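Coordinates from start_37.txt are shown below (compact mmCIF, C-alpha atoms).
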```
# COMPACT_ATOMS: atom_id res chain seq x y z
CA MET M 1 -7.33 -57.94 19.00
CA LYS M 2 -8.36 -54.48 17.81
CA ARG M 3 -5.43 -52.95 19.66
CA LYS M 4 -2.98 -55.27 17.90
CA LEU M 5 -4.49 -54.37 14.54
CA THR M 6 -4.24 -50.70 15.39
CA ILE M 7 -0.58 -51.02 16.35
CA LYS M 8 0.16 -52.99 13.19
CA SER M 9 -1.65 -50.37 11.12
CA LEU M 10 0.33 -47.57 12.74
CA ILE M 11 3.59 -49.43 12.14
CA SER M 12 2.62 -49.98 8.49
CA ILE M 13 1.71 -46.33 8.00
CA LYS M 14 4.90 -45.20 9.69
CA LYS M 15 6.94 -47.50 7.44
CA LYS M 16 5.23 -46.11 4.34
CA PHE M 17 5.94 -42.53 5.41
CA THR M 18 9.55 -43.45 6.15
CA ASN M 19 9.96 -44.98 2.67
CA LEU M 20 8.28 -41.97 1.08
CA TRP M 21 10.54 -39.58 3.01
CA GLN M 22 13.64 -41.50 1.95
CA LEU M 23 12.45 -41.42 -1.67
CA LEU M 24 11.91 -37.65 -1.46
CA GLN M 25 15.37 -37.21 0.02
CA LYS M 26 16.91 -39.17 -2.86
CA LEU M 27 14.94 -37.19 -5.44
CA THR M 28 15.91 -33.92 -3.78
CA GLY M 29 19.54 -34.97 -3.66
CA GLY M 30 19.44 -35.92 -7.33
CA LEU M 31 17.82 -32.59 -8.20
CA TYR M 32 20.53 -30.70 -6.30
CA LEU M 33 23.19 -32.62 -8.20
CA VAL M 34 21.57 -31.82 -11.56
CA LEU M 35 21.13 -28.13 -10.66
CA GLY M 36 24.68 -27.96 -9.34
CA ALA M 37 26.11 -29.47 -12.53
CA TRP M 38 23.96 -27.10 -14.63
CA LEU M 39 25.14 -24.06 -12.66
CA ILE M 40 28.79 -25.07 -13.00
CA LEU M 41 28.45 -25.70 -16.74
CA THR M 42 26.55 -22.42 -17.25
CA THR M 43 29.16 -20.48 -15.26
CA ILE M 44 31.99 -21.93 -17.34
CA THR M 45 30.07 -21.04 -20.52
CA LEU M 46 29.50 -17.47 -19.31
CA VAL M 47 33.17 -17.02 -18.40
CA PHE M 48 34.11 -18.12 -21.92
CA ALA M 49 31.43 -15.89 -23.51
CA TYR M 50 32.62 -12.84 -21.55
CA SER M 51 35.90 -12.77 -23.47
CA GLN M 52 34.22 -13.14 -26.88
CA PRO M 53 33.02 -10.33 -29.17
CA VAL M 54 29.34 -9.44 -29.25
CA ASP M 55 27.62 -11.70 -31.77
CA ALA M 56 24.08 -10.25 -31.68
CA PHE M 57 22.23 -7.03 -30.88
CA PHE M 58 18.96 -7.45 -28.98
CA VAL M 59 16.72 -4.39 -29.02
CA LEU M 60 13.81 -4.13 -26.59
CA GLY M 61 10.90 -2.25 -28.16
CA GLY M 62 9.51 0.86 -26.52
CA SER M 63 11.50 3.76 -27.95
CA ILE M 64 12.36 4.50 -31.56
CA ARG M 65 15.64 6.00 -30.36
CA ARG M 66 16.83 2.46 -29.64
CA GLU M 67 16.22 1.50 -33.26
CA ILE M 68 17.99 4.62 -34.52
CA TYR M 69 20.94 3.71 -32.30
CA VAL M 70 21.14 0.09 -33.49
CA ALA M 71 21.02 1.32 -37.11
CA GLN M 72 24.28 3.14 -36.35
CA LYS M 73 25.71 -0.10 -35.00
CA ALA M 74 24.61 -1.93 -38.15
CA LYS M 75 26.91 0.31 -40.18
CA GLN M 76 29.85 -0.53 -37.93
CA TYR M 77 29.05 -4.25 -37.62
CA PRO M 78 27.13 -5.25 -40.78
CA GLN M 79 27.66 -8.97 -40.18
CA THR M 80 26.23 -8.97 -36.63
CA PRO M 81 22.57 -10.06 -36.52
CA ILE M 82 20.02 -7.72 -34.94
CA LEU M 83 16.80 -8.82 -33.24
CA ILE M 84 14.25 -6.07 -32.56
CA SER M 85 11.54 -7.31 -30.20
CA HIS M 86 8.20 -5.60 -30.83
CA GLY M 87 9.61 -2.25 -31.75
CA SER M 88 8.16 0.46 -33.98
CA PRO M 89 5.94 -0.39 -36.98
CA ASP M 90 7.81 -2.42 -39.59
CA PRO M 91 7.93 0.30 -42.28
CA CYS M 92 9.24 2.83 -39.76
CA ILE M 93 12.14 0.55 -38.88
CA ARG M 94 12.79 -0.01 -42.58
CA LEU M 95 12.97 3.77 -43.09
CA ILE M 96 15.48 4.06 -40.25
CA PHE M 97 17.81 1.53 -41.88
CA GLN M 98 17.02 2.53 -45.47
CA PRO M 99 19.52 5.41 -46.00
CA GLU M 100 22.61 3.19 -45.83
CA LEU M 101 21.18 -0.17 -46.92
CA VAL M 102 23.76 -1.86 -44.71
CA GLY M 103 23.09 -5.21 -43.09
CA LEU M 104 19.34 -5.26 -43.78
CA GLU M 105 19.45 -9.02 -44.32
CA ASN M 106 20.74 -9.42 -40.75
CA VAL M 107 17.90 -7.47 -39.10
CA TRP M 108 14.93 -9.43 -37.77
CA LEU M 109 11.65 -8.12 -36.34
CA GLU M 110 9.86 -10.16 -33.69
CA LYS M 111 6.26 -9.00 -33.21
CA CYS M 112 4.82 -11.48 -30.68
CA ALA M 113 6.04 -9.86 -27.45
CA ASN M 114 3.74 -7.47 -25.58
CA SER M 115 5.82 -6.95 -22.43
CA THR M 116 9.43 -6.95 -21.26
CA PHE M 117 9.09 -10.51 -20.00
CA GLU M 118 7.76 -11.60 -23.39
CA ASN M 119 10.67 -9.84 -25.11
CA PHE M 120 12.88 -12.50 -23.53
CA TYR M 121 10.22 -15.24 -23.65
CA TYR M 122 10.14 -15.10 -27.46
CA GLY M 123 13.61 -13.68 -28.05
CA ILE M 124 15.70 -16.31 -26.29
CA PRO M 125 14.74 -19.22 -28.60
CA ILE M 126 15.70 -17.07 -31.61
CA LEU M 127 19.06 -16.10 -30.11
CA ARG M 128 19.72 -19.72 -29.25
CA ARG M 129 19.00 -20.82 -32.82
CA TRP M 130 21.53 -18.24 -33.95
CA GLY M 131 24.11 -19.76 -31.61
CA VAL M 132 24.61 -16.48 -29.76
CA HIS M 133 27.10 -16.42 -26.85
CA LYS M 134 27.34 -12.70 -26.13
CA VAL M 135 24.55 -10.20 -26.73
CA MET M 136 24.37 -6.43 -26.64
CA LEU M 137 21.07 -5.50 -24.99
CA ILE M 138 19.81 -2.11 -26.15
CA THR M 139 17.31 -0.32 -23.93
CA SER M 140 16.69 3.05 -22.24
CA PRO M 141 17.06 4.53 -18.73
CA SER M 142 13.29 4.29 -18.16
CA HIS M 143 13.58 0.53 -18.63
CA LEU M 144 16.21 0.01 -15.94
CA PRO M 145 17.19 -1.76 -13.80
CA ARG M 146 14.41 -4.28 -14.49
CA ALA M 147 15.37 -5.07 -18.09
CA LYS M 148 19.06 -5.51 -17.26
CA TRP M 149 18.40 -7.82 -14.32
CA MET M 150 15.91 -9.90 -16.31
CA ALA M 151 18.41 -10.21 -19.15
CA GLN M 152 21.16 -11.35 -16.81
CA ILE M 153 18.86 -13.98 -15.27
CA LEU M 154 17.17 -15.29 -18.42
CA LEU M 155 19.97 -15.00 -20.95
CA GLY M 156 22.58 -15.95 -18.39
CA ALA M 157 20.65 -19.17 -17.68
CA HIS M 158 21.37 -20.15 -21.29
CA GLY M 159 25.05 -19.26 -21.12
CA ILE M 160 24.62 -15.97 -22.97
CA TRP M 161 26.67 -13.08 -21.58
CA VAL M 162 24.87 -9.72 -21.52
CA GLU M 163 26.27 -6.26 -22.12
CA THR M 164 23.96 -3.25 -22.13
CA GLU M 165 23.80 -0.06 -24.17
CA ILE M 166 21.60 2.64 -22.61
CA VAL M 167 20.00 4.95 -25.18
CA GLN M 168 18.59 8.24 -23.95
CA GLU M 169 14.95 8.89 -24.85
CA LEU M 170 13.41 12.12 -26.04
CA GLY M 171 10.12 13.40 -24.68
CA VAL M 172 7.92 11.39 -22.31
CA PRO M 173 9.24 7.83 -21.70
CA GLY M 174 7.17 5.02 -23.17
CA ASN M 175 7.08 3.20 -19.84
CA ARG M 176 7.68 3.93 -16.17
CA GLU M 177 9.27 1.52 -13.73
CA SER M 178 7.98 0.54 -10.31
CA TRP M 179 9.39 -1.79 -7.68
CA PRO M 180 6.27 -4.03 -7.58
CA LYS M 181 6.54 -4.54 -11.37
CA THR M 182 10.27 -5.18 -11.06
CA ALA M 183 9.76 -7.71 -8.23
CA LEU M 184 7.05 -9.55 -10.19
CA ASP M 185 9.11 -9.78 -13.37
CA LEU M 186 12.26 -10.89 -11.54
CA THR M 187 10.32 -13.58 -9.67
CA ARG M 188 8.81 -15.11 -12.79
CA SER M 189 12.16 -14.74 -14.56
CA LEU M 190 13.78 -16.98 -11.96
CA PHE M 191 11.16 -19.67 -12.58
CA TRP M 192 11.32 -19.29 -16.35
CA ALA M 193 15.13 -19.49 -16.30
CA ILE M 194 14.67 -23.14 -15.32
CA LEU M 195 11.56 -23.98 -17.36
CA SER M 196 13.01 -22.42 -20.51
CA GLN M 197 15.72 -25.07 -20.52
CA ILE M 198 13.10 -27.52 -21.80
CA ILE M 199 10.34 -25.24 -23.16
CA GLN M 200 11.13 -23.20 -26.24
CA PRO M 201 8.22 -20.91 -27.28
CA GLN M 202 8.11 -20.07 -30.97
CA CYS M 203 6.93 -16.72 -32.29
CA SER M 204 4.90 -17.07 -35.48
CA ASN M 205 5.45 -13.44 -36.44
CA VAL M 206 9.16 -12.99 -37.16
CA THR M 207 10.11 -11.02 -40.26
CA ARG M 208 13.44 -10.24 -41.89
CA LEU M 209 13.69 -6.49 -42.49
CA THR M 210 14.33 -7.02 -46.20
CA GLU M 211 10.93 -8.73 -46.45
CA VAL M 212 8.99 -5.64 -45.31
CA ASP M 213 6.85 -4.61 -48.29
CA MET M 214 7.07 -0.83 -48.34
CA GLN M 215 4.72 -0.48 -51.31
CA ALA M 216 2.02 -2.43 -49.50
CA TRP M 217 2.52 -0.35 -46.36
CA GLN M 218 2.36 2.90 -48.34
CA HIS M 219 -0.90 1.76 -49.90
CA GLN M 220 -2.24 0.75 -46.48
CA GLY M 221 -0.92 3.84 -44.72
CA PHE M 222 1.21 4.04 -41.59
CA HIS M 223 2.43 6.56 -39.04
CA CYS M 224 5.94 6.88 -37.58
CA GLU M 225 7.25 8.92 -34.69
CA HIS M 226 8.51 12.32 -35.81
CA GLN M 227 12.07 11.28 -34.93
CA VAL M 228 12.21 9.13 -38.05
CA ALA M 229 12.40 12.35 -40.04
CA TRP M 230 15.61 13.15 -38.16
CA VAL M 231 17.31 9.89 -38.97
CA GLY M 232 19.73 11.60 -41.33
CA LEU M 233 21.08 13.57 -38.37
CA PHE M 234 22.06 10.40 -36.55
CA LEU M 235 23.20 8.08 -39.36
```
How does this structure look as structure tokens?
Amino acid sequence: MKRKLTIKSLISIKKKFTNLWQLLQKLTGGLYLVLGAWLILTTITLVFAYSQPVDAFFVLGGSIRREIYVAQKAKQYPQTPILISHGSPDPCIRLIFQPELVGLENVWLEKCANSTFENFYYGIPILRRWGVHKVMLITSPSHLPRAKWMAQILLGAHGIWVETEIVQELGVPGNRESWPKTALDLTRSLFWAILSQIIQPQCSNVTRLTEVDMQAWQHQGFHCEHQVAWVGLFL
């Protein structure tokens, strides 16, 4: 009697595992179909975006030379929005753009990011709200190739084509690259490329450049890199 019960129990357990395995196979198949459709749609979007003009400049903070460079671009493309992710102090950026007063209303400062990954973490939702399809990523040689690869993964996952402008730095670079850091950031970028399709982090500290109160900053006091004094040589 016990043997019969044991055999029946084994058959029941085996049947449950079989049903569970079949369910997992169906779920996996469905997931592959969804991912496949998403990849095809994203690829088509990227191919279309490639042929379009740049519709936003995305500056990764870390070197004031990048901000000086994008100020030059603002003169050439005053209607193109600029997002500077945790760059120099707000009044310093205002001083960089101040001489020409061109396109200040299209320059936005995002101050939540504290790393390259967070530059994209907080920057992508902003670029998506702007309806950006092709972005010019502005960074420096000391930030490569990590920043470029992360941009291609994370922005590309949202159908945003990436072009890069490499701005030479002066003096000691603000950061140094290493392969362990690159591997870590690329790994979490691959995961976030998927999760960011449904999760959209919002930065609570985003300021339009025209809203920077220079009088308040002058009263408070601030310090800029010495290169700001040379802005007239570059603009």
Distance in Å - CA of Leu27 (chain M) versus CA of Thr187 (chain M): 24.4 Å
What separates CA of Gln220 (chain M) and CA of Val107 (chain M) is a distance of 23.0 Å
Would you list the contacts of region 58-60 of chain M as a list in words, taking every protein, DNA or RNA residue within 8 Å and counting only C-alpha atoms, but skipping same-chain residues closer than 2 positions in sequence?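 In the requested format, the answer is Ala56, Gly62, Arg66, Glu67, Val70, Ile82, Leu83, Ile84, Ser85, His86, Gly87, Thr116, Asn119, Val135, Met136, Leu137, Ile138 and Thr139 of chain M.
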Pick from M:Pro201, M:Pro99, M:Pro141, M:Gly29: nearest to Lys75 (chain M), with all atoms listed in the file counted?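 Result for the nearest residue to Lys75 (chain M): M:Pro99.
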Step by step, gather every atom of region 122-135 of chain M that the file lists, find the box along x, y and z that holds them, add 3 Å on each side, and finally give centre and edge lengths in Å to one decimal, as JSON.
```
{"center_x": 18.7, "center_y": -15.5, "center_z": -30.0, "size_x": 23.2, "size_y": 16.6, "size_z": 13.8}
```
Using only C-alpha atoms, the residue out of M:Leu184, M:Leu20, M:Cys224, M:Ala147 with shortest distance to Ile166 (chain M) is M:Ala147
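Proximity ranking of M:Ser142, M:Phe117, M:Ile198, M:Gln168 relative to Leu186 (chain M) places M:Phe117 first, based on all atoms listed in the file.
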Thr80 (chain M) proximity check over M:Gln52, M:Gln218, M:Asn106, M:Thr45, using all atoms listed in the file: winner is M:Asn106
Considering all atoms listed in the file, state which residue in the set M:Glu105, M:Asp90, M:Asp55, M:Glu110 is at the smallest distance from Cys203 (chain M). M:Glu110
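Minimum distance to His133 (chain M) across M:Thr18, M:Ser51, M:Ser9, M:Thr28 (counting only C-alpha atoms) occurs at M:Ser51.
The gap separating CA of Gly221 (chain M) from CA of Phe57 (chain M) is 29.1 Å, in Å to one decimal.
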Env of Glu177 (chain M): 8 Å cut, atoms = only C-alpha atoms, seq-sep filter 2 positions within chain, self excluded. Answer as a tab-separated table (two decimals) with C-alpha atoms, keeping the file's coordinate frame.
```tsv
chain	number	residue	atom	x	y	z
M	142	SER	CA	13.29	4.29	-18.16
M	143	HIS	CA	13.58	0.53	-18.63
M	144	LEU	CA	16.21	0.01	-15.94
M	146	ARG	CA	14.41	-4.28	-14.49
M	175	ASN	CA	7.08	3.20	-19.84
M	179	TRP	CA	9.39	-1.79	-7.68
M	181	LYS	CA	6.54	-4.54	-11.37
M	182	THR	CA	10.27	-5.18	-11.06
```
Near Ile64 (chain M), counting only C-alpha atoms, which residues have an atom at most 9 Å away, once you skip same-chain residues fewer than 2 positions from it, shown as a list in words?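 My list of contacting residues is Gly61, Gly62, Arg66, Glu67, Ile68, Tyr69, Gly87, Ser88, Cys92, Ile93, Glu169, Glu225, Gln227 and Val228 of chain M.
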